[in-house]
$ cat structure-v9.tsv   # TSV, C-alpha atoms
chain	number	residue	atom	x	y	z
A	23	MET	CA	-7.17	3.31	31.01
A	24	ASN	CA	-10.11	1.02	30.30
A	25	ALA	CA	-13.64	2.37	30.01
A	26	PRO	CA	-16.07	-0.54	29.56
A	27	SER	CA	-19.07	1.78	29.92
A	28	LEU	CA	-18.19	3.71	26.76
A	29	SER	CA	-20.87	2.78	24.21
A	30	GLU	CA	-20.33	2.14	20.51
A	31	PHE	CA	-21.83	5.47	19.52
A	32	SER	CA	-20.06	7.52	22.18
A	33	LEU	CA	-16.80	5.79	21.15
A	34	ILE	CA	-17.31	6.90	17.55
A	35	ARG	CA	-18.22	10.45	18.57
A	36	ARG	CA	-15.31	10.78	20.97
A	37	PHE	CA	-12.49	9.48	18.83
A	38	PHE	CA	-13.51	9.71	15.17
A	39	THR	CA	-15.81	12.69	14.52
A	40	LYS	CA	-13.46	15.64	15.04
A	41	GLN	CA	-12.54	15.85	11.35
A	42	ARG	CA	-13.86	18.64	9.17
A	43	ILE	CA	-15.33	17.58	5.81
A	44	LYS	CA	-12.86	18.47	3.04
A	45	ASN	CA	-14.34	17.09	-0.19
A	46	LEU	CA	-17.25	18.46	-2.17
A	47	SER	CA	-18.07	14.85	-3.04
A	48	THR	CA	-18.93	14.15	0.60
A	49	CYS	CA	-22.59	15.09	1.00
A	50	LEU	CA	-23.15	13.34	4.35
A	51	GLY	CA	-20.60	11.71	6.63
A	52	ILE	CA	-20.79	10.08	10.05
A	53	GLY	CA	-24.10	10.25	11.90
A	54	ASP	CA	-26.75	8.54	9.78
A	55	ASP	CA	-27.48	5.02	8.56
A	56	CYS	CA	-25.41	5.64	5.41
A	57	ALA	CA	-22.96	8.19	4.12
A	58	LEU	CA	-23.84	10.05	0.92
A	59	LEU	CA	-21.37	10.79	-1.86
A	60	SER	CA	-21.73	12.52	-5.21
A	61	ILE	CA	-19.58	11.48	-8.17
A	62	PRO	CA	-18.56	14.41	-10.41
A	63	ASN	CA	-19.27	14.15	-14.12
A	64	GLY	CA	-16.44	12.51	-16.02
A	65	TYR	CA	-15.17	10.47	-13.05
A	66	GLU	CA	-15.42	6.90	-11.82
A	67	LEU	CA	-15.41	5.71	-8.23
A	68	ALA	CA	-12.48	3.48	-7.23
A	69	ILE	CA	-13.18	1.35	-4.14
A	70	THR	CA	-10.84	-0.89	-2.13
A	71	THR	CA	-10.97	-2.76	1.19
A	72	ASP	CA	-8.16	-4.08	3.37
A	73	THR	CA	-8.20	-5.83	6.73
A	74	MET	CA	-5.36	-6.07	9.25
A	75	VAL	CA	-5.50	-8.79	11.91
A	76	GLU	CA	-3.39	-8.90	15.06
A	77	ASN	CA	-0.58	-11.49	14.87
A	78	VAL	CA	-1.14	-11.84	11.11
A	79	HIS	CA	-0.52	-8.33	9.75
A	80	PHE	CA	0.93	-6.73	12.87
A	81	PHE	CA	2.52	-7.84	16.12
A	82	ALA	CA	0.59	-7.87	19.38
A	83	GLY	CA	1.43	-4.71	21.28
A	84	ALA	CA	2.16	-2.70	18.13
A	85	ASP	CA	2.27	1.06	18.59
A	86	PRO	CA	-1.38	2.14	18.04
A	87	LYS	CA	-0.45	5.49	16.45
A	88	GLN	CA	1.74	3.75	13.88
A	89	LEU	CA	-0.98	1.13	13.43
A	90	GLY	CA	-3.58	3.79	12.65
A	91	HIS	CA	-1.26	5.34	10.08
A	92	LYS	CA	-0.42	2.03	8.44
A	93	LEU	CA	-4.03	0.83	8.27
A	94	LEU	CA	-5.02	3.89	6.29
A	95	ALA	CA	-1.79	3.97	4.26
A	96	VAL	CA	-2.21	0.46	2.85
A	97	ASN	CA	-5.68	1.33	1.59
A	98	LEU	CA	-4.62	4.66	0.10
A	99	SER	CA	-1.81	2.77	-1.62
A	100	ASP	CA	-4.39	0.67	-3.50
A	101	LEU	CA	-6.03	3.88	-4.74
A	102	ALA	CA	-2.61	5.21	-5.74
A	103	ALA	CA	-2.00	2.09	-7.85
A	104	MET	CA	-5.13	2.92	-9.87
A	105	GLY	CA	-4.21	6.59	-10.23
A	106	ALA	CA	-7.20	7.60	-8.10
A	107	LYS	CA	-7.47	10.66	-5.88
A	108	PRO	CA	-8.58	9.55	-2.38
A	109	VAL	CA	-11.85	11.09	-1.24
A	110	SER	CA	-13.23	9.19	1.74
A	111	VAL	CA	-12.83	6.12	3.92
A	112	MET	CA	-14.92	3.92	6.19
A	113	LEU	CA	-13.40	2.33	9.28
A	114	ALA	CA	-14.49	-0.88	11.04
A	115	LEU	CA	-12.86	-1.78	14.36
A	116	THR	CA	-13.19	-5.09	16.19
A	117	LEU	CA	-11.77	-4.52	19.67
A	118	PRO	CA	-11.18	-6.99	22.51
A	119	LYS	CA	-11.88	-4.13	24.95
A	120	VAL	CA	-12.31	-0.37	24.97
A	121	ASP	CA	-8.91	1.09	25.82
A	122	GLU	CA	-9.16	4.89	25.66
A	123	SER	CA	-5.41	5.55	25.52
A	124	TRP	CA	-5.04	3.00	22.68
A	125	LEU	CA	-7.96	4.53	20.77
A	126	THR	CA	-6.62	8.06	21.25
A	127	ALA	CA	-3.24	7.13	19.77
A	128	PHE	CA	-4.77	5.01	16.98
A	129	ALA	CA	-7.14	7.81	15.95
A	130	GLU	CA	-4.28	10.30	16.01
A	131	GLY	CA	-2.21	8.26	13.56
A	132	PHE	CA	-5.19	7.47	11.34
A	133	LEU	CA	-6.65	10.97	11.18
A	134	ALA	CA	-3.29	12.71	10.75
A	135	LEU	CA	-2.67	10.80	7.51
A	136	ALA	CA	-6.28	11.38	6.44
A	137	GLU	CA	-5.86	15.11	7.02
A	138	ARG	CA	-2.62	15.17	5.06
A	139	HIS	CA	-4.33	13.70	2.00
A	140	ASP	CA	-7.70	15.49	2.41
A	141	VAL	CA	-9.56	12.24	3.09
A	142	ASP	CA	-12.94	12.30	4.85
A	143	LEU	CA	-13.83	9.60	7.38
A	144	ILE	CA	-17.50	9.09	6.54
A	145	GLY	CA	-18.59	6.07	8.60
A	146	GLY	CA	-17.86	2.55	9.74
A	147	ASP	CA	-18.57	0.17	12.58
A	148	THR	CA	-17.27	-1.01	15.94
A	149	THR	CA	-17.74	-4.41	17.52
A	150	SER	CA	-16.26	-6.65	20.21
A	151	GLY	CA	-13.83	-9.46	19.40
A	152	PRO	CA	-10.18	-10.23	18.50
A	153	LEU	CA	-8.34	-7.10	17.36
A	154	THR	CA	-9.20	-6.68	13.66
A	155	LEU	CA	-9.01	-3.43	11.69
A	156	THR	CA	-10.71	-2.84	8.35
A	157	VAL	CA	-10.84	0.17	6.03
A	158	GLN	CA	-12.82	0.71	2.86
A	159	ALA	CA	-11.33	3.54	0.83
A	160	LEU	CA	-12.95	5.43	-2.04
A	161	GLY	CA	-11.31	7.61	-4.66
A	162	LEU	CA	-12.04	9.36	-7.92
A	163	VAL	CA	-10.33	8.70	-11.23
A	164	PRO	CA	-11.11	10.24	-14.65
A	165	LYS	CA	-13.48	7.97	-16.53
A	166	GLY	CA	-11.67	5.37	-18.63
A	167	GLN	CA	-8.19	6.33	-17.34
A	168	ALA	CA	-7.74	4.12	-14.27
A	169	LEU	CA	-4.43	2.25	-14.20
A	170	ARG	CA	-5.01	-1.48	-14.53
A	171	ARG	CA	-2.97	-4.64	-13.98
A	172	ALA	CA	-4.08	-6.11	-17.30
A	173	ALA	CA	-2.65	-3.48	-19.66
A	174	ALA	CA	1.11	-4.23	-19.84
A	175	LYS	CA	2.44	-4.63	-23.38
A	176	VAL	CA	5.47	-6.42	-24.80
A	177	GLY	CA	8.35	-3.95	-25.01
A	178	ASP	CA	7.17	-1.89	-22.05
A	179	VAL	CA	9.82	-0.81	-19.59
A	180	ILE	CA	9.22	-1.71	-15.93
A	181	TYR	CA	9.76	1.00	-13.34
A	182	MET	CA	9.26	1.32	-9.61
A	183	THR	CA	9.19	4.22	-7.20
A	184	GLY	CA	11.36	4.36	-4.09
A	185	CYS	CA	13.56	1.60	-2.71
A	186	LEU	CA	12.93	-2.13	-2.45
A	187	GLY	CA	13.10	-4.33	0.63
A	188	ASP	CA	13.47	-1.77	3.41
A	189	ALA	CA	10.13	-2.69	4.97
A	190	GLY	CA	11.10	-6.35	4.69
A	191	LEU	CA	14.32	-5.54	6.53
A	192	GLY	CA	12.22	-3.78	9.16
A	193	LEU	CA	10.28	-7.02	9.64
A	194	LYS	CA	13.52	-8.99	9.94
A	195	ILE	CA	14.65	-6.55	12.63
A	196	LYS	CA	11.35	-7.02	14.49
A	197	GLN	CA	11.97	-10.77	14.29
A	198	GLY	CA	15.42	-10.42	15.85
A	199	TYR	CA	17.90	-9.53	13.09
A	200	ASP	CA	20.62	-7.23	14.41
A	201	CYS	CA	20.99	-4.22	12.11
A	202	ALA	CA	23.48	-1.43	12.77
A	203	ASP	CA	21.08	1.25	11.46
A	204	SER	CA	17.57	0.00	12.10
A	205	GLU	CA	15.64	3.27	12.37
A	206	ALA	CA	14.96	3.85	8.67
A	207	ALA	CA	13.95	0.24	7.99
A	208	LEU	CA	11.60	0.16	10.97
A	209	ALA	CA	10.03	3.42	9.85
A	210	ARG	CA	9.36	1.94	6.40
A	211	PHE	CA	7.78	-1.14	8.00
A	212	ASN	CA	5.70	0.69	10.59
A	213	CYS	CA	4.70	3.84	8.70
A	214	PRO	CA	4.68	3.36	4.90
A	215	GLU	CA	3.85	6.32	2.68
A	216	PRO	CA	1.21	5.77	-0.03
A	217	GLN	CA	2.43	7.04	-3.40
A	218	ILE	CA	-0.75	8.95	-4.22
A	219	GLU	CA	0.72	11.83	-6.21
A	220	ALA	CA	2.94	9.40	-8.14
A	221	GLY	CA	-0.07	7.32	-9.14
A	222	GLN	CA	-2.01	10.31	-10.39
A	223	SER	CA	1.01	11.52	-12.39
A	224	LEU	CA	1.00	8.21	-14.30
A	225	LEU	CA	-2.51	8.65	-15.74
A	226	GLY	CA	-2.36	8.62	-19.52
A	227	ILE	CA	1.29	7.55	-19.45
A	228	ALA	CA	1.69	4.16	-17.74
A	229	HIS	CA	0.09	1.05	-19.19
A	230	ALA	CA	-0.14	-1.15	-16.07
A	231	CYS	CA	0.45	-0.45	-12.38
A	232	ILE	CA	0.34	-2.21	-9.01
A	233	ASP	CA	1.39	-1.32	-5.48
A	234	LEU	CA	4.07	-3.45	-3.84
A	235	SER	CA	2.23	-4.86	-0.84
A	236	ASP	CA	3.17	-8.55	-0.99
A	237	GLY	CA	6.61	-8.40	-2.63
A	238	LEU	CA	7.89	-7.36	-6.06
A	239	ALA	CA	8.04	-10.91	-7.46
A	240	GLY	CA	4.49	-11.76	-6.46
A	241	ASP	CA	2.93	-8.40	-7.28
A	242	LEU	CA	4.62	-8.05	-10.68
A	243	SER	CA	3.47	-11.59	-11.45
A	244	HIS	CA	-0.13	-10.37	-11.08
A	245	ILE	CA	0.51	-7.87	-13.88
A	246	LEU	CA	2.13	-10.52	-16.05
A	247	GLU	CA	-0.68	-13.04	-15.57
A	248	GLN	CA	-3.48	-10.57	-16.16
A	249	SER	CA	-1.72	-9.00	-19.15
A	250	GLY	CA	-0.70	-12.33	-20.73
A	251	VAL	CA	2.99	-11.40	-20.93
A	252	GLY	CA	6.32	-12.20	-19.26
A	253	ALA	CA	9.16	-10.07	-17.92
A	254	SER	CA	12.83	-9.92	-17.09
A	255	LEU	CA	14.14	-8.04	-14.05
A	256	ASP	CA	17.67	-6.62	-13.84
A	257	TRP	CA	19.12	-7.44	-10.43
A	258	ASP	CA	21.87	-4.83	-10.73
A	259	ALA	CA	19.29	-2.11	-11.39
A	260	LEU	CA	17.08	-2.82	-8.37
A	261	PRO	CA	16.98	0.19	-6.01
A	262	LEU	CA	18.39	-1.39	-2.85
A	263	SER	CA	19.45	0.70	0.13
A	264	ASP	CA	22.83	0.25	1.78
A	265	ALA	CA	21.09	-1.40	4.74
A	266	VAL	CA	19.37	-3.98	2.51
A	267	LEU	CA	22.62	-4.67	0.64
A	268	ALA	CA	24.38	-5.15	3.98
A	269	TYR	CA	21.64	-7.60	5.04
A	270	ILE	CA	22.09	-9.63	1.82
A	271	SER	CA	25.87	-9.67	2.27
A	272	ASP	CA	25.49	-10.73	5.90
A	273	THR	CA	22.87	-13.45	5.39
A	274	GLY	CA	23.08	-14.49	1.74
A	275	ASP	CA	19.30	-13.99	1.56
A	276	TRP	CA	19.20	-12.27	-1.82
A	277	SER	CA	15.53	-13.11	-2.37
A	278	MET	CA	14.31	-11.04	0.60
A	279	PRO	CA	13.85	-7.72	-1.26
A	280	LEU	CA	12.04	-9.57	-4.07
A	281	THR	CA	9.57	-11.34	-1.79
A	282	ALA	CA	9.14	-9.16	1.29
A	283	GLY	CA	5.98	-7.10	1.44
A	284	ASP	CA	4.97	-3.78	2.95
A	285	ASP	CA	7.05	-1.51	0.69
A	286	TYR	CA	3.90	0.11	-0.78
A	287	GLU	CA	5.84	1.60	-3.65
A	288	LEU	CA	4.38	1.57	-7.17
A	289	CYS	CA	5.55	-0.81	-9.90
A	290	PHE	CA	4.42	0.21	-13.37
A	291	THR	CA	5.06	-0.36	-17.06
A	292	VAL	CA	5.38	2.28	-19.72
A	293	SER	CA	6.15	2.16	-23.43
A	294	PRO	CA	9.56	3.47	-24.58
A	295	GLU	CA	7.74	6.18	-26.56
A	296	GLN	CA	6.15	7.54	-23.37
A	297	LEU	CA	9.29	7.63	-21.22
A	298	GLY	CA	9.85	11.31	-21.92
A	299	GLN	CA	6.54	12.12	-20.27
A	300	LEU	CA	7.42	10.61	-16.90
A	301	SER	CA	7.56	13.38	-14.32
A	302	LEU	CA	8.22	11.34	-11.19
A	303	LYS	CA	11.39	9.89	-9.72
A	304	ALA	CA	11.47	6.16	-10.48
A	305	THR	CA	13.98	3.41	-11.26
A	306	ARG	CA	14.02	1.29	-14.42
A	307	ILE	CA	14.17	-2.33	-13.22
A	308	GLY	CA	13.22	-4.51	-16.19
A	309	VAL	CA	11.29	-5.04	-19.40
A	310	ILE	CA	8.05	-6.75	-20.44
A	311	GLU	CA	8.62	-9.69	-22.80
A	312	HIS	CA	6.54	-12.03	-24.91
A	313	GLU	CA	7.74	-15.26	-23.23
A	314	PRO	CA	5.51	-16.02	-20.19
A	315	GLY	CA	6.97	-16.07	-16.70
A	316	LEU	CA	9.28	-13.89	-14.65
A	317	ARG	CA	13.05	-14.03	-15.08
A	318	LEU	CA	15.94	-12.45	-13.18
A	319	ASN	CA	19.09	-11.21	-14.89
A	320	LYS	CA	21.90	-11.35	-12.32
A	321	SER	CA	24.95	-9.86	-14.01
A	322	GLY	CA	24.20	-11.61	-17.32
A	323	ASN	CA	23.01	-14.88	-15.79
A	324	ILE	CA	19.31	-15.11	-16.64
A	325	GLN	CA	17.29	-17.53	-14.54
A	326	PRO	CA	13.59	-18.17	-13.87
A	327	LEU	CA	12.39	-16.32	-10.80
A	328	LYS	CA	10.01	-18.66	-9.01
A	329	VAL	CA	10.04	-17.07	-5.57
A	330	LYS	CA	6.68	-15.73	-4.51
A	331	GLY	CA	5.42	-12.97	-2.29
A	332	PHE	CA	3.20	-13.31	0.76
A	333	GLU	CA	-0.06	-15.18	0.28
A	334	HIS	CA	-2.81	-15.88	2.80
A	335	PHE	CA	-3.94	-19.53	3.07
A	336	SER	CA	-0.78	-20.79	1.35
$ encode --input "structure-v9.tsv" --output "structure tokens"
Amino acid sequence: MNAPSLSEFSLIRRFFTKQRIKNLSTCLGIGDDCALLSIPNGYELAITTDTMVENVHFFAGADPKQLGHKLLAVNLSDLAAMGAKPVSVMLALTLPKVDESWLTAFAEGFLALAERHDVDLIGGDTTSGPLTLTVQALGLVPKGQALRRAAAKVGDVIYMTGCLGDAGLGLKIKQGYDCADSEAALARFNCPEPQIEAGQSLLGIAHACIDLSDGLAGDLSHILEQSGVGASLDWDALPLSDAVLAYISDTGDWSMPLTAGDDYELCFTVSPEQLGQLSLKATRIGVIEHEPGLRLNKSGNIQPLKVKGFEHFS
């Protein structure tokens, strides 16, 4: 049902102000010109922003509840990669029209994930135009302990949480690939889970960390470039689901799990001396080396890995 008469402020009140404030850091939320936050002693504020555009990041007609979940999830994933505890978010919506049923479902997906991780929605903006969704997320991390991309060291072991390529398979299914068991892959593509607790558990243990948003090859390369190191990945060790392995066998597209985005797992490096302190479930997939560049070891055959992840404007 369309409701063109619904104003910007009544839209915000109706769909996005039913949350209770959960964080002591939130002094003032929605309702004034600015939100007010306090930063506890001994902490730093981690801030990230992501935008999702229709027909670029999601298909036209995407389920709005899943879209609300994913929009928040991708931003919380950035905080997870820094080891930050999410505190609050700001939401900006550019809408082609005011569709109350769409907004109800979108808000449900967005606020349910926010509630699950005790995140306060503290403000934002609405405007008219092509469907574009933006979130700014804020989190707290102990001062000087944030996980960085530029801290990998030669000899570090490379780990990742979860499985690789299932979201990419979900995208292939959306594009027409026929998969016998599509439900799990589509769920990973439509409703990723930010690895917040995993990120916080790595504080003081991992050297470098990044979330896998644009593909393992591309995202790990960011760590290598910023740390001034290289790496070798072990193909046989990659955590690939049966569905992804079946896709590779069927299509020969072995690079898909290395380049496909939207997994939102964490890839991190840790020194061999610190391995005993890891308390999360993760898979060892490679090692940091002195020689620049990224290499792939496929059953003893080591070759340069030049495939890249998703890049805008490329």
$ residues_around --input "structure-v9.tsv" --residues "Leu300 (chain A)" --least-positions-apart "3" --cutoff "10 Å" --atoms "only C-alpha atoms" --output "ChimeraX atom specification"
/A:220,223-224,227-228,292,296-297,303-304
$ residues_near_point --input "structure-v9.tsv" --point "(2.7, -7.7, 0.7)" --cutoff "9 Å" --atoms "all atoms listed in the file" --output "count of residues only"
17
$ atom_distance --input "structure-v9.tsv" --atom1 "CA of Arg35 (chain A)" --atom2 "CA of His139 (chain A)"
21.9 Å
$ closest_residue --input "structure-v9.tsv" --among "A:Ala102, A:Ala207, A:Val163, A:Leu316" --to "Val251 (chain A)" --atoms "all atoms listed in the file"
A:Leu316
$ residues_around --input "structure-v9.tsv" --residues "Ser277 (chain A)" --least-positions-apart "2" --cutoff "10 Å" --atoms "all atoms listed in the file" --output "PyMOL selection string"
chain A and resi 187+239+270+274-275+279-282+327+329-330
$ closest_residue --input "structure-v9.tsv" --among "A:Glu219, A:Ile195, A:Gly90, A:Ala127" --to "Pro108 (chain A)" --atoms "all atoms listed in the file"
A:Glu219
$ closest_residue --input "structure-v9.tsv" --among "A:Asp100, A:Glu76, A:Asp178, A:Asp54" --to "Gly151 (chain A)" --atoms "all atoms listed in the file"
A:Glu76
$ residues_around --input "structure-v9.tsv" --residues "Val96 (chain A)" --least-positions-apart "4" --cutoff "12 Å" --atoms "all atoms listed in the file" --output "PyMOL selection string"
chain A and resi 70-74+79+89-92+100-103+132+135+155-159+211-218+233-236+283-287
$ closest_residue --input "structure-v9.tsv" --among "A:Val78, A:Leu153, A:Ala68, A:Leu169" --to "Val111 (chain A)" --atoms "all atoms listed in the file"
A:Ala68
$ atom_distance --input "structure-v9.tsv" --atom1 "CA of Leu98 (chain A)" --atom2 "CA of Leu288 (chain A)"
12.0 Å
$ closest_residue --input "structure-v9.tsv" --among "A:Ile43, A:Leu33, A:Ile69, A:Leu193" --to "Asp147 (chain A)" --atoms "all atoms listed in the file"
A:Leu33
$ residues_around --input "structure-v9.tsv" --residues "region 260-265 of chain A" --least-positions-apart "4" --cutoff "9 Å" --atoms "only C-alpha atoms" --output "PyMOL selection string"
chain A and resi 182-188+191+201-204+206-207+255-256+269-270+279+305-308
$ write_last_selection --input "structure-v9.tsv" --atoms "C-alpha atoms" --output "PDB file, in the frame of the given file"
ATOM      1  CA  MET A 182       9.260   1.320  -9.610  1.00  0.00           C
ATOM      2  CA  THR A 183       9.190   4.220  -7.200  1.00  0.00           C
ATOM      3  CA  GLY A 184      11.360   4.360  -4.090  1.00  0.00           C
ATOM      4  CA  CYS A 185      13.560   1.600  -2.710  1.00  0.00           C
ATOM      5  CA  LEU A 186      12.930  -2.130  -2.450  1.00  0.00           C
ATOM      6  CA  GLY A 187      13.100  -4.330   0.630  1.00  0.00           C
ATOM      7  CA  ASP A 188      13.470  -1.770   3.410  1.00  0.00           C
ATOM      8  CA  LEU A 191      14.320  -5.540   6.530  1.00  0.00           C
ATOM      9  CA  CYS A 201      20.990  -4.220  12.110  1.00  0.00           C
ATOM     10  CA  ALA A 202      23.480  -1.430  12.770  1.00  0.00           C
ATOM     11  CA  ASP A 203      21.080   1.250  11.460  1.00  0.00           C
ATOM     12  CA  SER A 204      17.570   0.000  12.100  1.00  0.00           C
ATOM     13  CA  ALA A 206      14.960   3.850   8.670  1.00  0.00           C
ATOM     14  CA  ALA A 207      13.950   0.240   7.990  1.00  0.00           C
ATOM     15  CA  LEU A 255      14.140  -8.040 -14.050  1.00  0.00           C
ATOM     16  CA  ASP A 256      17.670  -6.620 -13.840  1.00  0.00           C
ATOM     17  CA  TYR A 269      21.640  -7.600   5.040  1.00  0.00           C
ATOM     18  CA  ILE A 270      22.090  -9.630   1.820  1.00  0.00           C
ATOM     19  CA  PRO A 279      13.850  -7.720  -1.260  1.00  0.00           C
ATOM     20  CA  THR A 305      13.980   3.410 -11.260  1.00  0.00           C
ATOM     21  CA  ARG A 306      14.020   1.290 -14.420  1.00  0.00           C
ATOM     22  CA  ILE A 307      14.170  -2.330 -13.220  1.00  0.00           C
ATOM     23  CA  GLY A 308      13.220  -4.510 -16.190  1.00  0.00           C
TER      24      GLY A 308
END
$ closest_residue --input "structure-v9.tsv" --among "A:Leu46, A:Ala230, A:Ala253, A:Ala84" --to "Glu313 (chain A)" --atoms "only C-alpha atoms"
A:Ala253
$ build_atoms --input "structure-v9.tsv" --residues "region 174-186 of chain A" --atoms "N, CA and C atoms" --output "short mmCIF file (atom, residue, chain, number, x, y, z; two decimals), in the frame of the given file"
data_model
loop_
_atom_site.label_atom_id
_atom_site.label_comp_id
_atom_site.auth_asym_id
_atom_site.auth_seq_id
_atom_site.Cartn_x
_atom_site.Cartn_y
_atom_site.Cartn_z
N ALA A 174 -0.30 -4.23 -19.45
CA ALA A 174 1.11 -4.23 -19.84
C ALA A 174 1.27 -4.78 -21.25
N LYS A 175 2.23 -4.23 -21.99
CA LYS A 175 2.44 -4.63 -23.38
C LYS A 175 3.90 -5.03 -23.58
N VAL A 176 4.11 -5.98 -24.48
CA VAL A 176 5.47 -6.42 -24.80
C VAL A 176 6.30 -5.23 -25.26
N GLY A 177 7.49 -5.08 -24.71
CA GLY A 177 8.35 -3.95 -25.01
C GLY A 177 8.27 -2.85 -23.97
N ASP A 178 7.25 -2.88 -23.13
CA ASP A 178 7.17 -1.89 -22.05
C ASP A 178 8.39 -1.99 -21.14
N VAL A 179 8.76 -0.85 -20.59
CA VAL A 179 9.82 -0.81 -19.59
C VAL A 179 9.16 -0.84 -18.21
N ILE A 180 9.75 -1.59 -17.29
CA ILE A 180 9.22 -1.71 -15.93
C ILE A 180 9.96 -0.75 -15.02
N TYR A 181 9.20 0.05 -14.30
CA TYR A 181 9.76 1.00 -13.34
C TYR A 181 9.16 0.76 -11.97
N MET A 182 9.85 1.27 -10.94
CA MET A 182 9.26 1.32 -9.61
C MET A 182 9.70 2.59 -8.90
N THR A 183 8.84 3.08 -8.02
CA THR A 183 9.19 4.22 -7.20
C THR A 183 9.95 3.75 -5.96
N GLY A 184 10.72 4.64 -5.37
CA GLY A 184 11.36 4.36 -4.09
C GLY A 184 12.36 3.24 -4.10
N CYS A 185 12.62 2.70 -2.90
CA CYS A 185 13.56 1.60 -2.71
C CYS A 185 12.82 0.31 -2.42
N LEU A 186 13.51 -0.80 -2.58
CA LEU A 186 12.93 -2.13 -2.45
C LEU A 186 13.51 -2.85 -1.24
#
